[in-house]
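Engineer: Coordinates in target.cif, mmCIF, C-alpha atoms; chains and numbers go by the auth columns, are listed below.
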```
data_final
#
loop_
_atom_site.group_PDB
_atom_site.id
_atom_site.type_symbol
_atom_site.label_atom_id
_atom_site.label_comp_id
_atom_site.label_asym_id
_atom_site.label_seq_id
_atom_site.Cartn_x
_atom_site.Cartn_y
_atom_site.Cartn_z
_atom_site.B_iso_or_equiv
_atom_site.auth_seq_id
_atom_site.auth_asym_id
ATOM 1 C CA PRO A 1 0.000 0.000 0.000 0.00 13 E
ATOM 2 C CA ALA A 2 1.044 3.589 -0.640 0.00 14 E
ATOM 3 C CA ARG A 3 2.660 5.341 2.308 0.00 15 E
ATOM 4 C CA ARG A 4 1.054 8.489 3.654 0.00 16 E
ATOM 5 C CA PRO A 5 3.258 11.553 3.244 0.00 17 E
ATOM 6 C CA GLU A 6 5.084 12.461 6.444 0.00 18 E
ATOM 7 C CA LYS A 7 3.758 16.023 6.245 0.00 19 E
ATOM 8 C CA CYS A 8 0.145 14.797 6.254 0.00 20 E
ATOM 9 C CA ASP A 9 0.861 12.582 9.244 0.00 21 E
ATOM 10 C CA LYS A 10 2.281 15.576 11.118 0.00 22 E
ATOM 11 C CA PHE A 11 -0.832 17.696 10.621 0.00 23 E
ATOM 12 C CA LEU A 12 -3.582 15.088 10.387 0.00 24 E
ATOM 13 C CA GLY A 13 -2.407 12.273 12.626 0.00 25 E
ATOM 14 C CA PHE A 14 -4.096 11.706 15.984 0.00 26 E
ATOM 15 C CA ARG A 15 -4.541 8.957 18.595 0.00 27 E
ATOM 16 C CA ASP A 16 -7.656 6.784 18.797 0.00 28 E
ATOM 17 C CA ILE A 17 -8.317 8.012 22.332 0.00 29 E
ATOM 18 C CA GLU A 18 -8.988 11.508 20.918 0.00 30 E
ATOM 19 C CA HIS A 19 -12.251 10.580 19.153 0.00 31 E
ATOM 20 C CA PRO A 20 -14.524 12.221 18.234 0.00 32 E
ATOM 21 C CA VAL A 21 -12.183 14.348 16.103 0.00 33 E
ATOM 22 C CA VAL A 22 -13.140 17.073 13.631 0.00 34 E
ATOM 23 C CA CYS A 23 -10.851 18.471 10.937 0.00 35 E
ATOM 24 C CA GLN A 24 -11.491 22.085 9.967 0.00 36 E
ATOM 25 C CA LEU A 25 -10.662 23.175 6.420 0.00 37 E
ATOM 26 C CA GLY A 26 -10.491 26.600 4.808 0.00 38 E
ATOM 27 C CA GLY A 27 -10.922 27.590 1.189 0.00 39 E
ATOM 28 C CA SER A 28 -13.502 28.123 -1.522 0.00 40 E
ATOM 29 C CA ASP A 29 -12.633 25.713 -4.341 0.00 41 E
ATOM 30 C CA PRO A 30 -15.195 22.864 -4.325 0.00 42 E
ATOM 31 C CA THR A 31 -12.938 20.470 -6.245 0.00 43 E
ATOM 32 C CA LYS A 32 -9.865 20.978 -4.068 0.00 44 E
ATOM 33 C CA LEU A 33 -11.824 20.871 -0.829 0.00 45 E
ATOM 34 C CA SER A 34 -13.662 17.697 -1.797 0.00 46 E
ATOM 35 C CA GLU A 35 -10.293 16.037 -2.523 0.00 47 E
ATOM 36 C CA VAL A 36 -8.910 17.178 0.831 0.00 48 E
ATOM 37 C CA ALA A 37 -12.078 15.954 2.559 0.00 49 E
ATOM 38 C CA LYS A 38 -11.384 12.488 1.156 0.00 50 E
ATOM 39 C CA VAL A 39 -7.915 12.561 2.724 0.00 51 E
ATOM 40 C CA VAL A 40 -9.411 13.685 6.040 0.00 52 E
ATOM 41 C CA GLU A 41 -11.893 10.821 5.924 0.00 53 E
ATOM 42 C CA ARG A 42 -9.125 8.294 5.148 0.00 54 E
ATOM 43 C CA TYR A 43 -7.300 9.468 8.264 0.00 55 E
ATOM 44 C CA GLY A 44 -10.325 8.472 10.324 0.00 56 E
ATOM 45 C CA TYR A 45 -11.818 11.834 11.272 0.00 57 E
ATOM 46 C CA ASP A 46 -15.418 11.826 12.470 0.00 58 E
ATOM 47 C CA GLU A 47 -16.389 15.061 10.746 0.00 59 E
ATOM 48 C CA VAL A 48 -15.013 17.686 8.366 0.00 60 E
ATOM 49 C CA ASN A 49 -15.794 21.344 9.055 0.00 61 E
ATOM 50 C CA LEU A 50 -15.609 24.284 6.662 0.00 62 E
ATOM 51 C CA ASN A 51 -14.271 27.485 8.256 0.00 63 E
ATOM 52 C CA VAL A 52 -16.508 30.393 7.252 0.00 64 E
ATOM 53 C CA GLY A 53 -15.768 32.427 10.354 0.00 65 E
ATOM 54 C CA CYS A 54 -12.090 33.380 10.455 0.00 66 E
ATOM 55 C CA PRO A 55 -11.741 37.205 10.212 0.00 67 E
ATOM 56 C CA SER A 56 -7.965 37.330 9.783 0.00 68 E
ATOM 57 C CA CYS A 57 -6.949 39.694 6.997 0.00 69 E
ATOM 58 C CA ARG A 58 -4.439 37.046 5.913 0.00 70 E
ATOM 59 C CA VAL A 59 -7.213 34.617 5.016 0.00 71 E
ATOM 60 C CA ALA A 60 -10.492 36.511 4.830 0.00 72 E
ATOM 61 C CA GLN A 61 -9.593 38.648 1.840 0.00 73 E
ATOM 62 C CA LYS A 62 -7.133 36.467 -0.081 0.00 74 E
ATOM 63 C CA GLY A 63 -8.250 33.314 -1.809 0.00 75 E
ATOM 64 C CA GLU A 64 -11.762 33.519 -0.379 0.00 76 E
ATOM 65 C CA PHE A 65 -11.225 31.873 2.971 0.00 77 E
ATOM 66 C CA GLY A 66 -13.041 32.491 6.227 0.00 78 E
ATOM 67 C CA CYS A 67 -15.815 34.934 7.043 0.00 79 E
ATOM 68 C CA SER A 68 -15.690 36.834 3.744 0.00 80 E
ATOM 69 C CA LEU A 69 -17.428 33.746 2.335 0.00 81 E
ATOM 70 C CA MET A 70 -20.550 34.609 4.324 0.00 82 E
ATOM 71 C CA MET A 71 -21.176 37.197 1.620 0.00 83 E
ATOM 72 C CA ARG A 72 -20.940 34.440 -1.010 0.00 84 E
ATOM 73 C CA LYS A 73 -23.392 31.924 0.373 0.00 85 E
ATOM 74 C CA GLU A 74 -23.853 30.152 -2.964 0.00 86 E
ATOM 75 C CA VAL A 75 -20.120 29.400 -3.055 0.00 87 E
ATOM 76 C CA VAL A 76 -20.313 27.930 0.450 0.00 88 E
ATOM 77 C CA ARG A 77 -23.353 25.880 -0.567 0.00 89 E
ATOM 78 C CA ASP A 78 -21.487 24.502 -3.597 0.00 90 E
ATOM 79 C CA VAL A 79 -18.393 23.671 -1.534 0.00 91 E
ATOM 80 C CA VAL A 80 -20.493 21.835 1.057 0.00 92 E
ATOM 81 C CA HIS A 81 -22.345 19.975 -1.683 0.00 93 E
ATOM 82 C CA ALA A 82 -19.103 18.855 -3.355 0.00 94 E
ATOM 83 C CA MET A 83 -17.559 17.764 -0.047 0.00 95 E
ATOM 84 C CA SER A 84 -20.729 15.936 1.015 0.00 96 E
ATOM 85 C CA ARG A 85 -20.752 13.957 -2.226 0.00 97 E
ATOM 86 C CA ALA A 86 -17.089 13.023 -1.778 0.00 98 E
ATOM 87 C CA VAL A 87 -17.219 11.644 1.796 0.00 99 E
ATOM 88 C CA GLN A 88 -19.454 9.665 4.118 0.00 100 E
ATOM 89 C CA ILE A 89 -18.610 11.637 7.277 0.00 101 E
ATOM 90 C CA PRO A 90 -20.672 14.736 8.133 0.00 102 E
ATOM 91 C CA VAL A 91 -19.708 18.038 6.508 0.00 103 E
ATOM 92 C CA THR A 92 -20.383 20.951 8.868 0.00 104 E
ATOM 93 C CA VAL A 93 -19.869 24.727 8.752 0.00 105 E
ATOM 94 C CA LYS A 94 -18.513 27.124 11.357 0.00 106 E
ATOM 95 C CA CYS A 95 -19.544 30.730 10.772 0.00 107 E
ATOM 96 C CA ARG A 96 -20.537 33.937 12.499 0.00 108 E
ATOM 97 C CA LEU A 97 -23.807 35.824 12.717 0.00 109 E
ATOM 98 C CA GLY A 98 -22.613 38.118 9.942 0.00 110 E
ATOM 99 C CA VAL A 99 -19.781 40.142 8.519 0.00 111 E
ATOM 100 C CA ASP A 100 -19.301 43.911 8.283 0.00 112 E
ATOM 101 C CA ASP A 101 -22.698 45.525 7.645 0.00 113 E
ATOM 102 C CA PHE A 102 -24.230 42.206 6.591 0.00 114 E
ATOM 103 C CA ASP A 103 -25.341 41.026 10.008 0.00 115 E
ATOM 104 C CA SER A 104 -29.122 41.210 10.225 0.00 116 E
ATOM 105 C CA PRO A 105 -31.101 38.193 11.445 0.00 117 E
ATOM 106 C CA GLU A 106 -32.489 37.885 7.918 0.00 118 E
ATOM 107 C CA PHE A 107 -28.958 37.760 6.466 0.00 119 E
ATOM 108 C CA THR A 108 -27.946 34.964 8.839 0.00 120 E
ATOM 109 C CA LYS A 109 -31.104 32.962 8.180 0.00 121 E
ATOM 110 C CA ASP A 110 -30.640 33.314 4.438 0.00 122 E
ATOM 111 C CA PHE A 111 -27.043 32.129 4.750 0.00 123 E
ATOM 112 C CA VAL A 112 -28.073 29.076 6.807 0.00 124 E
ATOM 113 C CA ARG A 113 -30.969 28.258 4.471 0.00 125 E
ATOM 114 C CA THR A 114 -28.762 28.450 1.380 0.00 126 E
ATOM 115 C CA VAL A 115 -25.874 26.431 2.820 0.00 127 E
ATOM 116 C CA ALA A 116 -28.230 23.800 4.247 0.00 128 E
ATOM 117 C CA ALA A 117 -29.465 23.239 0.696 0.00 129 E
ATOM 118 C CA GLY A 118 -25.939 22.028 -0.093 0.00 130 E
ATOM 119 C CA GLY A 119 -26.131 19.324 2.558 0.00 131 E
ATOM 120 C CA CYS A 120 -24.947 20.949 5.796 0.00 132 E
ATOM 121 C CA ARG A 121 -27.018 19.756 8.764 0.00 133 E
ATOM 122 C CA HIS A 122 -24.906 21.197 11.595 0.00 134 E
ATOM 123 C CA PHE A 123 -23.724 24.792 11.994 0.00 135 E
ATOM 124 C CA TYR A 124 -21.256 25.997 14.625 0.00 136 E
ATOM 125 C CA ILE A 125 -22.215 29.638 15.195 0.00 137 E
ATOM 126 C CA HIS A 126 -19.814 32.156 16.719 0.00 138 E
ATOM 127 C CA SER A 127 -22.472 34.375 18.299 0.00 139 E
ATOM 128 C CA ARG A 128 -21.101 37.685 17.056 0.00 140 E
ATOM 129 C CA LYS A 129 -20.372 39.333 13.727 0.00 141 E
ATOM 130 C CA ALA A 130 -16.895 39.984 12.329 0.00 142 E
ATOM 131 C CA TRP A 131 -15.339 43.117 10.919 0.00 143 E
ATOM 132 C CA LEU A 132 -13.007 42.371 8.017 0.00 144 E
ATOM 133 C CA ASN A 133 -11.314 45.756 8.329 0.00 145 E
ATOM 134 C CA GLY A 134 -10.386 47.675 11.454 0.00 146 E
ATOM 135 C CA LEU A 135 -10.270 44.830 13.978 0.00 147 E
ATOM 136 C CA SER A 136 -7.607 42.204 14.555 0.00 148 E
ATOM 137 C CA PRO A 137 -8.600 38.532 14.917 0.00 149 E
ATOM 138 C CA ALA A 138 -8.210 38.872 18.695 0.00 150 E
ATOM 139 C CA GLN A 139 -10.427 41.979 18.741 0.00 151 E
ATOM 140 C CA ASN A 140 -13.000 40.149 16.608 0.00 152 E
ATOM 141 C CA ARG A 141 -13.248 37.603 19.445 0.00 153 E
ATOM 142 C CA SER A 142 -14.214 40.248 21.985 0.00 154 E
ATOM 143 C CA ILE A 143 -15.323 43.623 20.588 0.00 155 E
ATOM 144 C CA PRO A 144 -18.375 42.810 18.435 0.00 156 E
ATOM 145 C CA PRO A 145 -21.193 42.125 20.913 0.00 157 E
ATOM 146 C CA LEU A 146 -22.455 38.616 21.545 0.00 158 E
ATOM 147 C CA HIS A 147 -26.034 37.767 20.540 0.00 159 E
ATOM 148 C CA TYR A 148 -26.852 34.340 21.977 0.00 160 E
ATOM 149 C CA PRO A 149 -30.646 34.734 21.466 0.00 161 E
ATOM 150 C CA ARG A 150 -30.080 34.921 17.722 0.00 162 E
ATOM 151 C CA VAL A 151 -28.633 31.407 17.749 0.00 163 E
ATOM 152 C CA LEU A 152 -31.724 30.258 19.633 0.00 164 E
ATOM 153 C CA ASP A 153 -33.839 31.928 16.955 0.00 165 E
ATOM 154 C CA LEU A 154 -32.011 29.851 14.338 0.00 166 E
ATOM 155 C CA CYS A 155 -32.894 26.698 16.294 0.00 167 E
ATOM 156 C CA ARG A 156 -36.547 27.640 16.130 0.00 168 E
ATOM 157 C CA GLU A 157 -36.404 28.744 12.490 0.00 169 E
ATOM 158 C CA PHE A 158 -34.683 25.545 11.325 0.00 170 E
ATOM 159 C CA PRO A 159 -35.969 22.666 13.475 0.00 171 E
ATOM 160 C CA ASP A 160 -34.352 20.032 11.229 0.00 172 E
ATOM 161 C CA LEU A 161 -30.837 21.473 11.620 0.00 173 E
ATOM 162 C CA ASN A 162 -28.393 21.366 14.540 0.00 174 E
ATOM 163 C CA PHE A 163 -26.554 24.360 15.963 0.00 175 E
ATOM 164 C CA SER A 164 -23.612 24.636 18.341 0.00 176 E
ATOM 165 C CA LEU A 165 -23.038 27.973 20.043 0.00 177 E
ATOM 166 C CA ASN A 166 -19.519 29.426 20.199 0.00 178 E
ATOM 167 C CA GLY A 167 -18.103 32.705 21.454 0.00 179 E
ATOM 168 C CA GLY A 168 -17.494 34.100 24.910 0.00 180 E
ATOM 169 C CA VAL A 169 -18.139 30.816 26.716 0.00 181 E
ATOM 170 C CA ASN A 170 -15.215 30.707 29.118 0.00 182 E
ATOM 171 C CA ASP A 171 -16.192 28.210 31.793 0.00 183 E
ATOM 172 C CA ILE A 172 -18.441 25.252 32.521 0.00 184 E
ATOM 173 C CA GLY A 173 -20.870 27.349 34.581 0.00 185 E
ATOM 174 C CA HIS A 174 -21.508 29.665 31.640 0.00 186 E
ATOM 175 C CA ALA A 175 -21.942 26.702 29.310 0.00 187 E
ATOM 176 C CA ARG A 176 -24.455 25.108 31.696 0.00 188 E
ATOM 177 C CA ALA A 177 -26.395 28.356 31.911 0.00 189 E
ATOM 178 C CA LEU A 178 -26.582 28.546 28.137 0.00 190 E
ATOM 179 C CA LEU A 179 -27.721 24.940 27.891 0.00 191 E
ATOM 180 C CA ALA A 180 -30.651 25.852 30.148 0.00 192 E
ATOM 181 C CA PHE A 181 -31.932 28.221 27.440 0.00 193 E
ATOM 182 C CA PRO A 182 -35.118 27.064 25.680 0.00 194 E
ATOM 183 C CA GLY A 183 -34.419 24.837 22.687 0.00 195 E
ATOM 184 C CA GLN A 184 -33.361 21.213 22.668 0.00 196 E
ATOM 185 C CA ARG A 185 -30.773 21.329 19.877 0.00 197 E
ATOM 186 C CA LEU A 186 -28.465 24.114 21.039 0.00 198 E
ATOM 187 C CA GLU A 187 -25.118 22.772 22.197 0.00 199 E
ATOM 188 C CA GLY A 188 -22.726 24.838 24.270 0.00 200 E
ATOM 189 C CA GLU A 189 -19.095 24.914 23.225 0.00 201 E
ATOM 190 C CA THR A 190 -16.527 26.097 25.771 0.00 202 E
ATOM 191 C CA GLU A 191 -13.438 28.009 24.740 0.00 203 E
ATOM 192 C CA ASP A 192 -10.412 29.534 26.376 0.00 204 E
ATOM 193 C CA ILE A 193 -10.112 33.173 25.333 0.00 205 E
ATOM 194 C CA MET A 194 -6.326 32.847 25.009 0.00 206 E
ATOM 195 C CA THR A 195 -6.375 29.839 22.704 0.00 207 E
ATOM 196 C CA ALA A 196 -9.649 30.123 20.795 0.00 208 E
ATOM 197 C CA ALA A 197 -9.253 29.569 17.088 0.00 209 E
ATOM 198 C CA TRP A 198 -11.196 32.743 16.311 0.00 210 E
#
```
Step by step, read the file and then write its structure as structure tokens.
Structural biologist:
Amino acid sequence: PARRPEKCDKFLGFRDIEHPVVCQLGGSDPTKLSEVAKVVERYGYDEVNLNVGCPSCRVAQKGEFGCSLMMRKEVVRDVVHAMSRAVQIPVTVKCRLGVDDFDSPEFTKDFVRTVAAGGCRHFYIHSRKAWLNGLSPAQNRSIPPLHYPRVLDLCREFPDLNFSLNGGVNDIGHARALLAFPGQRLEGETEDIMTAAW
């Protein structure tokens, strides 16, 4: 059998005890991402996640990666569709409530509706918008206000989809409080402010 490249092992390898394991990918090319998703699946990941939330100027405005893709929902839908056809594991999306001035509840719902049509059944929602210009990635994790009720609204609007809440959840007590919110399909996701991905 063909040997896996050492570089792939370095970045994709993990121990069985770590399951469930999700691999997050960034990009906007359906063909390339579907090929990478196949590699991820061969490595034994439980899920592949498309990053549509990173506000870094290094990725958000070059090569269509991260939260700038929220303004191109059809592209995200097509990427998810291509990845879903290529693998058997779930293809999920991590995004924000909006980007720049495109952050109304209607904008977010339209994004979710469009991307779900491509096959995404689970959205990880960072409960704040992102500013592509003027804020650093670290500032985008703290300055735009959090809007947890809007994630709950998505749960009610899309009863057949699953949502995980992200953003500003810094301890187990806060996560438990959020899980007590109405809505059976809202999962709390804890994060350490110093090491959060975005």
Engineer: Which residue, E:Gly110, E:Gly179, E:Gly38, E:Pro171, has the smallest gap to Lys85 of chain E when you use only C-alpha atoms?
Structural biologist: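 When distances to Lys85 of chain E are compared using only C-alpha atoms, the smallest one comes from E:Gly110.
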Engineer: Can you tell me, as a PyMOL selection string, what residues are no more than 7 Å from Lys141 of chain E when counting only C-alpha atoms, ignoring any on the same chain fewer than 2 positions away?
Structural biologist: chain E and resi 108-111+115+143+156
Engineer: Take the PyMOL selection byres ((chain E and resi 57-61) around 10), apply it to the structure above, and return the hits as a CSV table (one decimal) with C-alpha atoms, in the frame of the given file.
Structural biologist:
```csv
chain,number,residue,atom,x,y,z
E,24,LEU,CA,-3.6,15.1,10.4
E,25,GLY,CA,-2.4,12.3,12.6
E,26,PHE,CA,-4.1,11.7,16.0
E,28,ASP,CA,-7.7,6.8,18.8
E,31,HIS,CA,-12.3,10.6,19.2
E,32,PRO,CA,-14.5,12.2,18.2
E,33,VAL,CA,-12.2,14.3,16.1
E,34,VAL,CA,-13.1,17.1,13.6
E,35,CYS,CA,-10.9,18.5,10.9
E,36,GLN,CA,-11.5,22.1,10.0
E,37,LEU,CA,-10.7,23.2,6.4
E,38,GLY,CA,-10.5,26.6,4.8
E,48,VAL,CA,-8.9,17.2,0.8
E,49,ALA,CA,-12.1,16.0,2.6
E,50,LYS,CA,-11.4,12.5,1.2
E,51,VAL,CA,-7.9,12.6,2.7
E,52,VAL,CA,-9.4,13.7,6.0
E,53,GLU,CA,-11.9,10.8,5.9
E,54,ARG,CA,-9.1,8.3,5.1
E,55,TYR,CA,-7.3,9.5,8.3
E,56,GLY,CA,-10.3,8.5,10.3
E,62,LEU,CA,-15.6,24.3,6.7
E,63,ASN,CA,-14.3,27.5,8.3
E,64,VAL,CA,-16.5,30.4,7.3
E,92,VAL,CA,-20.5,21.8,1.1
E,95,MET,CA,-17.6,17.8,0.0
E,96,SER,CA,-20.7,15.9,1.0
E,99,VAL,CA,-17.2,11.6,1.8
E,100,GLN,CA,-19.5,9.7,4.1
E,101,ILE,CA,-18.6,11.6,7.3
E,102,PRO,CA,-20.7,14.7,8.1
E,103,VAL,CA,-19.7,18.0,6.5
E,104,THR,CA,-20.4,21.0,8.9
E,105,VAL,CA,-19.9,24.7,8.8
E,106,LYS,CA,-18.5,27.1,11.4
E,132,CYS,CA,-24.9,20.9,5.8
E,134,HIS,CA,-24.9,21.2,11.6
E,135,PHE,CA,-23.7,24.8,12.0
E,136,TYR,CA,-21.3,26.0,14.6
```
Engineer: Tell me, in Å to one decimal, how far atom CA of Asp183 of chain E is from atom CA of Ile137 of chain E.
Structural biologist: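 One can read the atom CA of Asp183 of chain E to atom CA of Ile137 of chain E distance as 17.7 Å.
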Engineer: What does the structure give for the distance between atom CA of Gly131 of chain E and atom CA of Asn178 of chain E, in Å to one decimal?
Structural biologist: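 Separating atom CA of Gly131 of chain E from atom CA of Asn178 of chain E is a distance of 21.4 Å.
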Engineer: For Glu169 of chain E, which residue out of E:Glu118, E:Ser80, E:Arg89, E:Leu45 is the nearest one, using all atoms listed in the file?
Structural biologist: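 That would be E:Glu118, the residue with the smallest distance to Glu169 of chain E.
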Engineer: Distance atom CA of Ser139 of chain E-atom CA of Gly39 of chain E, one decimal place?
Structural biologist: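 Going from atom CA of Ser139 of chain E over to atom CA of Gly39 of chain E covers 21.7 Å.
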Engineer: My list of candidates is E:Gly185, E:Pro161, E:Gly130, E:Gly146. Which is closest to Asp112 of chain E when distances are computed with all atoms listed in the file?
Structural biologist: E:Gly146
Engineer: So, counting only C-alpha atoms, which residue among E:Leu190, E:Leu166, E:Leu158, E:Leu81 is closest to His138 of chain E?
Structural biologist: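 Comparing E:Leu190, E:Leu166, E:Leu158, E:Leu81 against His138 of chain E, the winner is E:Leu158.
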Engineer: For the PyMOL selection byres ((chain E and resi 149-155) around 6), applied here, can you spell out every residue it catches as a list in words?
Structural biologist: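 Given this file, the PyMOL selection byres ((chain E and resi 149-155) around 6) evaluates to Pro67, Ser68, Ala142, Leu147, Ser148 and Pro156 of chain E.
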